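What follows is the content of input34.json (JSON, C-alpha atoms).
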[["chain", "number", "residue", "atom", "x", "y", "z"],
["A", 26, "MET", "CA", 6.96, 26.41, 21.06],
["A", 27, "LEU", "CA", 8.15, 24.76, 17.87],
["A", 28, "SER", "CA", 8.90, 26.98, 14.92],
["A", 29, "LYS", "CA", 7.19, 26.54, 11.58],
["A", 30, "ARG", "CA", 10.29, 25.02, 10.01],
["A", 31, "SER", "CA", 10.66, 22.52, 12.86],
["A", 32, "LYS", "CA", 7.06, 21.44, 12.28],
["A", 33, "ILE", "CA", 7.81, 21.00, 8.59],
["A", 34, "HIS", "CA", 10.84, 18.85, 9.41],
["A", 35, "MET", "CA", 8.84, 16.63, 11.75],
["A", 36, "THR", "CA", 5.99, 16.25, 9.25],
["A", 37, "ALA", "CA", 8.48, 15.42, 6.49],
["A", 38, "LEU", "CA", 9.99, 12.64, 8.63],
["A", 39, "VAL", "CA", 6.53, 11.21, 9.28],
["A", 40, "ALA", "CA", 5.78, 11.40, 5.55],
["A", 41, "PHE", "CA", 8.98, 9.49, 4.75],
["A", 42, "ALA", "CA", 7.85, 6.75, 7.16],
["A", 43, "GLY", "CA", 4.58, 6.53, 5.26],
["A", 44, "LEU", "CA", 6.44, 6.42, 1.95],
["A", 45, "ILE", "CA", 8.57, 3.50, 3.14],
["A", 46, "LEU", "CA", 5.51, 1.59, 4.38],
["A", 47, "ALA", "CA", 3.75, 2.17, 1.05],
["A", 48, "ILE", "CA", 6.73, 0.83, -0.92],
["A", 49, "VAL", "CA", 6.90, -2.23, 1.35],
["A", 50, "ALA", "CA", 3.17, -2.90, 0.93],
["A", 51, "ILE", "CA", 3.23, -2.51, -2.86],
["A", 52, "SER", "CA", 6.29, -4.72, -3.35],
["A", 53, "THR", "CA", 5.27, -7.63, -1.08],
["A", 54, "ASP", "CA", 2.79, -10.46, -1.62],
["A", 55, "PHE", "CA", 1.08, -10.86, 1.74],
["A", 56, "TRP", "CA", -2.02, -8.74, 1.21],
["A", 57, "ALA", "CA", -4.36, -11.69, 1.79],
["A", 58, "VAL", "CA", -4.03, -15.35, 2.81],
["A", 59, "LEU", "CA", -6.44, -17.85, 1.23],
["A", 60, "GLU", "CA", -7.46, -21.24, 2.66],
["A", 61, "PRO", "CA", -9.85, -24.04, 1.67],
["A", 62, "SER", "CA", -13.06, -24.52, 3.63],
["A", 63, "ASP", "CA", -11.56, -27.28, 5.81],
["A", 64, "ARG", "CA", -7.89, -28.06, 5.35],
["A", 65, "SER", "CA", -7.94, -30.78, 8.00],
["A", 66, "MET", "CA", -9.92, -33.02, 5.61],
["A", 67, "ASN", "CA", -7.43, -32.71, 2.74],
["A", 68, "ALA", "CA", -4.53, -35.01, 2.03],
["A", 69, "SER", "CA", -2.25, -32.00, 1.89],
["A", 70, "CYS", "CA", -2.14, -28.67, 3.68],
["A", 71, "ASP", "CA", -2.95, -26.03, 1.10],
["A", 72, "ALA", "CA", -2.87, -22.26, 1.38],
["A", 73, "ALA", "CA", -2.10, -19.27, -0.81],
["A", 74, "HIS", "CA", -1.16, -15.66, -0.39],
["A", 75, "LEU", "CA", -1.45, -12.92, -2.98],
["A", 76, "GLY", "CA", -0.32, -9.38, -3.59],
["A", 77, "LEU", "CA", -0.54, -6.85, -6.39],
["A", 78, "TRP", "CA", 1.84, -8.73, -8.65],
["A", 79, "ARG", "CA", 1.64, -12.46, -8.01],
["A", 80, "LEU", "CA", -0.15, -15.37, -6.34],
["A", 81, "CYS", "CA", 1.85, -17.89, -4.29],
["A", 82, "ARG", "CA", 0.43, -21.32, -3.50],
["A", 83, "GLN", "CA", 1.76, -23.21, -0.50],
["A", 84, "THR", "CA", 1.38, -26.99, -0.29],
["A", 85, "GLY", "CA", 2.82, -29.19, 2.43],
["A", 86, "GLU", "CA", 2.37, -32.92, 2.97],
["A", 87, "ARG", "CA", 1.32, -33.96, 6.47],
["A", 88, "ARG", "CA", 3.80, -35.66, 8.70],
["A", 89, "TRP", "CA", 2.67, -38.68, 10.69],
["A", 90, "ASP", "CA", 2.40, -36.70, 13.92],
["A", 91, "VAL", "CA", 0.40, -33.79, 12.43],
["A", 92, "THR", "CA", -3.32, -34.04, 13.11],
["A", 93, "GLY", "CA", -4.41, -30.77, 11.53],
["A", 94, "CYS", "CA", -3.36, -28.08, 9.08],
["A", 95, "ARG", "CA", -4.08, -24.93, 11.01],
["A", 96, "ASN", "CA", -0.37, -24.29, 11.59],
["A", 97, "LEU", "CA", 1.68, -24.57, 8.42],
["A", 98, "ASP", "CA", 4.87, -24.35, 10.47],
["A", 99, "ASN", "CA", 4.33, -28.00, 11.39],
["A", 100, "VAL", "CA", 4.48, -29.20, 7.78],
["A", 101, "VAL", "CA", 7.08, -29.16, 5.04],
["A", 102, "PRO", "CA", 5.94, -26.33, 2.71],
["A", 103, "GLU", "CA", 6.41, -25.98, -1.02],
["A", 104, "PHE", "CA", 5.99, -22.62, -2.69],
["A", 105, "ASN", "CA", 4.79, -22.06, -6.25],
["A", 106, "CYS", "CA", 4.46, -18.40, -7.22],
["A", 107, "SER", "CA", 2.89, -17.16, -10.45],
["A", 108, "PHE", "CA", 3.08, -13.55, -11.62],
["A", 109, "PHE", "CA", -0.09, -11.95, -12.92],
["A", 110, "LYS", "CA", 0.20, -11.28, -16.65],
["A", 111, "HIS", "CA", -1.75, -8.04, -16.42],
["A", 112, "PHE", "CA", -1.02, -6.64, -19.85],
["A", 113, "THR", "CA", -0.75, -9.83, -21.93],
["A", 114, "ALA", "CA", -3.33, -12.37, -23.02],
["A", 115, "GLU", "CA", -2.46, -16.03, -22.69],
["A", 116, "GLU", "CA", -4.63, -19.02, -23.59],
["A", 117, "GLY", "CA", -4.98, -21.78, -21.03],
["A", 118, "GLU", "CA", -4.21, -19.42, -18.19],
["A", 119, "ASP", "CA", -4.68, -20.65, -14.64],
["A", 120, "VAL", "CA", -8.25, -20.25, -13.39],
["A", 121, "GLU", "CA", -7.20, -18.32, -10.28],
["A", 122, "LEU", "CA", -5.02, -15.96, -12.29],
["A", 123, "GLU", "CA", -7.82, -15.46, -14.79],
["A", 124, "ILE", "CA", -10.27, -14.55, -12.01],
["A", 125, "GLN", "CA", -7.84, -12.13, -10.40],
["A", 126, "LYS", "CA", -6.96, -10.55, -13.74],
["A", 127, "GLU", "CA", -10.28, -8.71, -13.81],
["A", 128, "TYR", "CA", -9.07, -6.55, -10.93],
["A", 129, "GLY", "CA", -5.32, -7.03, -11.32],
["A", 130, "ILE", "CA", -4.88, -4.55, -14.18],
["A", 131, "SER", "CA", -6.53, -1.78, -12.17],
["A", 132, "ALA", "CA", -4.48, -2.61, -9.07],
["A", 133, "ALA", "CA", -1.23, -2.66, -11.07],
["A", 134, "VAL", "CA", -1.90, 0.69, -12.78],
["A", 135, "ILE", "CA", -2.88, 2.36, -9.50],
["A", 136, "ALA", "CA", 0.19, 0.91, -7.76],
["A", 137, "ILE", "CA", 2.49, 2.27, -10.49],
["A", 138, "LEU", "CA", 0.77, 5.66, -10.22],
["A", 139, "SER", "CA", 1.21, 5.70, -6.44],
["A", 140, "LEU", "CA", 4.91, 4.86, -6.80],
["A", 141, "ILE", "CA", 5.37, 7.76, -9.23],
["A", 142, "LEU", "CA", 3.59, 10.13, -6.84],
["A", 143, "ILE", "CA", 5.70, 8.83, -3.94],
["A", 144, "ILE", "CA", 8.93, 9.50, -5.86],
["A", 145, "LEU", "CA", 7.81, 13.01, -6.88],
["A", 146, "GLY", "CA", 6.77, 13.82, -3.31],
["A", 147, "ALA", "CA", 10.09, 12.57, -1.90],
["A", 148, "VAL", "CA", 12.06, 14.65, -4.43],
["A", 149, "CYS", "CA", 10.12, 17.81, -3.56],
["A", 150, "ILE", "CA", 10.64, 17.22, 0.16],
["A", 151, "LEU", "CA", 14.38, 16.72, -0.26],
["A", 152, "ILE", "CA", 14.71, 19.87, -2.38],
["A", 153, "GLY", "CA", 12.69, 21.89, 0.10],
["A", 154, "LEU", "CA", 14.68, 20.68, 3.11],
["A", 155, "ARG", "CA", 18.08, 21.05, 1.47],
["A", 156, "LYS", "CA", 17.58, 24.53, 0.04],
["A", 157, "LYS", "CA", 15.27, 25.75, 2.83],
["A", 158, "GLN", "CA", 12.50, 26.51, 0.37],
["A", 159, "ASP", "CA", 9.27, 25.89, 2.25],
["A", 160, "TYR", "CA", 7.10, 26.51, -0.80],
["A", 161, "MET", "CA", 8.34, 23.19, -2.22],
["A", 162, "MET", "CA", 6.37, 21.47, 0.55],
["A", 163, "ARG", "CA", 3.14, 22.50, -1.17],
["A", 164, "PRO", "CA", 3.58, 20.30, -4.26],
["A", 165, "ALA", "CA", 5.19, 17.65, -2.04],
["A", 166, "GLY", "CA", 2.11, 17.61, 0.17],
["A", 167, "LEU", "CA", -0.20, 17.32, -2.83],
["A", 168, "PHE", "CA", 1.84, 14.46, -4.31],
["A", 169, "ILE", "CA", 1.88, 12.63, -0.98],
["A", 170, "LEU", "CA", -1.84, 13.22, -0.44],
["A", 171, "CYS", "CA", -2.63, 11.78, -3.89],
["A", 172, "ALA", "CA", -0.30, 8.84, -3.21],
["A", 173, "GLY", "CA", -2.22, 8.07, -0.01],
["A", 174, "LEU", "CA", -5.52, 8.15, -1.92],
["A", 175, "SER", "CA", -4.04, 5.83, -4.55],
["A", 176, "VAL", "CA", -3.02, 3.33, -1.88],
["A", 177, "ILE", "CA", -6.57, 3.41, -0.52],
["A", 178, "VAL", "CA", -7.95, 2.65, -3.97],
["A", 179, "SER", "CA", -5.47, -0.24, -4.36],
["A", 180, "MET", "CA", -6.66, -1.65, -1.05],
["A", 181, "GLU", "CA", -10.26, -1.59, -2.23],
["A", 182, "VAL", "CA", -9.35, -3.24, -5.55],
["A", 183, "ILE", "CA", -7.51, -6.03, -3.73],
["A", 184, "ARG", "CA", -10.44, -6.45, -1.35],
["A", 185, "GLN", "CA", -12.83, -6.88, -4.26],
["A", 186, "SER", "CA", -10.38, -9.27, -5.93],
["A", 187, "VAL", "CA", -10.19, -11.48, -2.84],
["A", 188, "LYS", "CA", -13.97, -11.41, -2.47],
["A", 189, "ASN", "CA", -14.38, -12.47, -6.10],
["A", 190, "MET", "CA", -11.84, -15.27, -5.65],
["A", 191, "ILE", "CA", -13.62, -16.60, -2.56],
["A", 192, "GLN", "CA", -17.08, -16.48, -4.12],
["A", 193, "SER", "CA", -16.02, -18.23, -7.32],
["A", 194, "GLU", "CA", -16.94, -21.92, -7.60],
["A", 195, "LYS", "CA", -13.89, -22.57, -9.79],
["A", 196, "THR", "CA", -11.42, -22.27, -6.92],
["A", 197, "ILE", "CA", -10.92, -24.24, -3.70],
["A", 198, "TRP", "CA", -10.53, -21.12, -1.56],
["A", 199, "HIS", "CA", -13.35, -20.39, 0.86],
["A", 200, "ASN", "CA", -11.64, -18.69, 3.83],
["A", 201, "TYR", "CA", -9.36, -15.67, 3.85],
["A", 202, "CYS", "CA", -7.69, -13.17, 6.12],
["A", 203, "TYR", "CA", -5.73, -10.01, 5.42],
["A", 204, "SER", "CA", -2.04, -10.17, 6.26],
["A", 205, "TRP", "CA", 0.81, -7.81, 7.12],
["A", 206, "SER", "CA", 1.18, -6.24, 3.66],
["A", 207, "PHE", "CA", -2.43, -5.10, 3.89],
["A", 208, "ALA", "CA", -1.74, -3.72, 7.38],
["A", 209, "CYS", "CA", 1.25, -1.80, 6.00],
["A", 210, "SER", "CA", -0.95, -0.33, 3.26],
["A", 211, "ILE", "CA", -3.57, 0.83, 5.79],
["A", 212, "THR", "CA", -0.92, 2.45, 7.98],
["A", 213, "SER", "CA", 0.84, 4.10, 5.04],
["A", 214, "ALA", "CA", -2.45, 5.43, 3.61],
["A", 215, "ILE", "CA", -3.32, 7.10, 6.93],
["A", 216, "ILE", "CA", 0.18, 8.55, 7.36],
["A", 217, "LEU", "CA", 0.40, 9.79, 3.77],
["A", 218, "PHE", "CA", -3.04, 11.36, 3.85],
["A", 219, "MET", "CA", -2.50, 13.19, 7.15],
["A", 220, "SER", "CA", 1.09, 14.28, 6.44],
["A", 221, "GLY", "CA", 0.16, 15.48, 2.95],
["A", 222, "ILE", "CA", -2.54, 17.76, 4.36],
["A", 223, "ALA", "CA", -0.16, 18.95, 7.10],
["A", 224, "LEU", "CA", 2.60, 19.82, 4.62],
["A", 225, "VAL", "CA", 0.20, 21.84, 2.47],
["A", 226, "LEU", "CA", -1.11, 23.78, 5.46],
["A", 227, "LEU", "CA", 2.34, 24.42, 6.92],
["A", 228, "SER", "CA", 3.71, 25.69, 3.61],
["A", 229, "LEU", "CA", 0.99, 28.29, 3.13],
["A", 230, "PRO", "CA", 2.10, 31.93, 3.55],
["A", 231, "ARG", "CA", 1.33, 33.71, 6.80],
["A", 232, "MET", "CA", -2.20, 35.02, 6.87],
["A", 233, "PRO", "CA", -2.72, 38.77, 7.51],
["A", 234, "GLN", "CA", -2.99, 39.57, 11.21],
["A", 235, "LYS", "CA", -4.49, 43.06, 10.81],
["A", 236, "PRO", "CA", -7.72, 44.05, 9.04],
["A", 237, "TRP", "CA", -5.95, 46.38, 6.58],
["A", 238, "GLU", "CA", -3.26, 43.88, 5.60],
["A", 239, "THR", "CA", -3.29, 41.69, 2.53],
["A", 240, "CYS", "CA", -1.28, 38.54, 1.94],
["A", 241, "LEU", "CA", 1.23, 40.57, -0.06],
["A", 242, "ASP", "CA", 1.56, 43.22, 2.67],
["A", 243, "ALA", "CA", 2.16, 40.72, 5.46],
["A", 244, "GLU", "CA", 5.75, 40.45, 6.57],
["A", 245, "PRO", "CA", 7.40, 37.14, 5.71],
["A", 246, "GLU", "CA", 8.11, 34.77, 8.53],
["A", 247, "PRO", "CA", 11.74, 34.54, 9.62],
["A", 248, "GLN", "CA", 13.75, 31.59, 8.29],
["A", 249, "TYR", "CA", 15.57, 29.31, 10.70]]
Using structure tokens, write down the structure from this file.
Amino acid sequence: MLSKRSKIHMTALVAFAGLILAIVAISTDFWAVLEPSDRSMNASCDAAHLGLWRLCRQTGERRWDVTGCRNLDNVVPEFNCSFFKHFTAEEGEDVELEIQKEYGISAAVIAILSLILIILGAVCILIGLRKKQDYMMRPAGLFILCAGLSVIVSMEVIRQSVKNMIQSEKTIWHNYCYSWSFACSITSAIILFMSGIALVLLSLPRMPQKPWETCLDAEPEPQY
């Protein structure tokens, strides 16, 4: 049977995997892919993908042997990425950026908060593992748990942003699908949430095993 410290080590490794996935999701731009209603009727093959920080438009002219636009690998693409100016006001801003800005500020603030929580959780885990201080896993678990909740909120904000972009009559986008950055965020949120709870539970002191014992009277568990 695994010892308590071995369980903590395994949970910490799983938590680090969730931390890495969360950083990848927050720093990449493939949360959602946007498409017009029917790209096969356009003179060019248009698409766009967006993340928490910028929107990238992809335009490729058809070659003579291309009959449709469903596969952008068959065309010559051109990328044009624009960062969201979350905290600045600019006149004449792009319509798509202006629509996304309603939700972009919230997504950016929550993403920054989740990164801070991720860093704090990682620091507590490293200190606890290096100095064999299991009580450090309690704050680490709470930081990681809150980071997972923050990622979930960011996912919902992006989902509402994409929905608002699709429903707007000012844009050409009518179809969308969530991409691999969104999948990374879902996976990281689940891992962070579960590992955060596990770290908190594993770091709790041993409960009394006899009716007359209290938490202070219980003998400490041996360290390995």
Could you check which of A:Ala165, A:Ala172, A:Leu224, A:Phe55 is closest to Met35 (chain A), using all atoms listed in the file? A:Leu224
Please provide as a PyMOL selection string all residues within 10 Å of region 135-146 of chain A, with the sequence filter that same-chain residues fewer than 6 positions apart are discarded (counting all atoms listed in the file). chain A and resi 40-41+43-45+47-48+50-52+77-78+129+161-180+182+217+221
In Å to one decimal, how far is CA of Ser131 (chain A) from CA of Leu59 (chain A)?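 The value is 20.9 Å.
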As an exercise, work out the distance from CA of Ser210 (chain A) to CA of Leu46 (chain A) in Å and give it to one decimal place.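 Going from CA of Ser210 (chain A) over to CA of Leu46 (chain A) covers 6.8 Å.
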CA of Ala147 (chain A) to CA of Ser31 (chain A): how many Å, to one decimal?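 CA of Ser31 (chain A) lies at a distance of 17.8 Å from CA of Ala147 (chain A).
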Would you please work out which residue, of A:His74, A:Lys188, A:Lys156, A:His34, is nearest to Ser220 (chain A) when using only C-alpha atoms?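 The answer is A:His34, which sits nearest to Ser220 (chain A).
When only C-alpha atoms are used to compute distances to Ala42 (chain A), the closest of the residues A:Ser213, A:Thr196, A:Arg30, A:Ser107 turns out to be A:Ser213.
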Closest of A:Cys202, A:Leu75, A:Val49, A:Leu227 to Asp159 (chain A) - atom-to-atom distances counting only C-alpha atoms: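 Under the stated criterion, the closest residue is A:Leu227.
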May I ask which of the residues A:Gln83, A:Val134, A:Leu226, A:Ser206 is the closest one to Pro61 (chain A), counting only C-alpha atoms? A:Gln83
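Considering the residues A:Asp54, A:Leu38, A:Ser28, A:Glu60 and counting only C-alpha atoms, Met190 (chain A) has its shortest atom-to-atom contact with A:Glu60.
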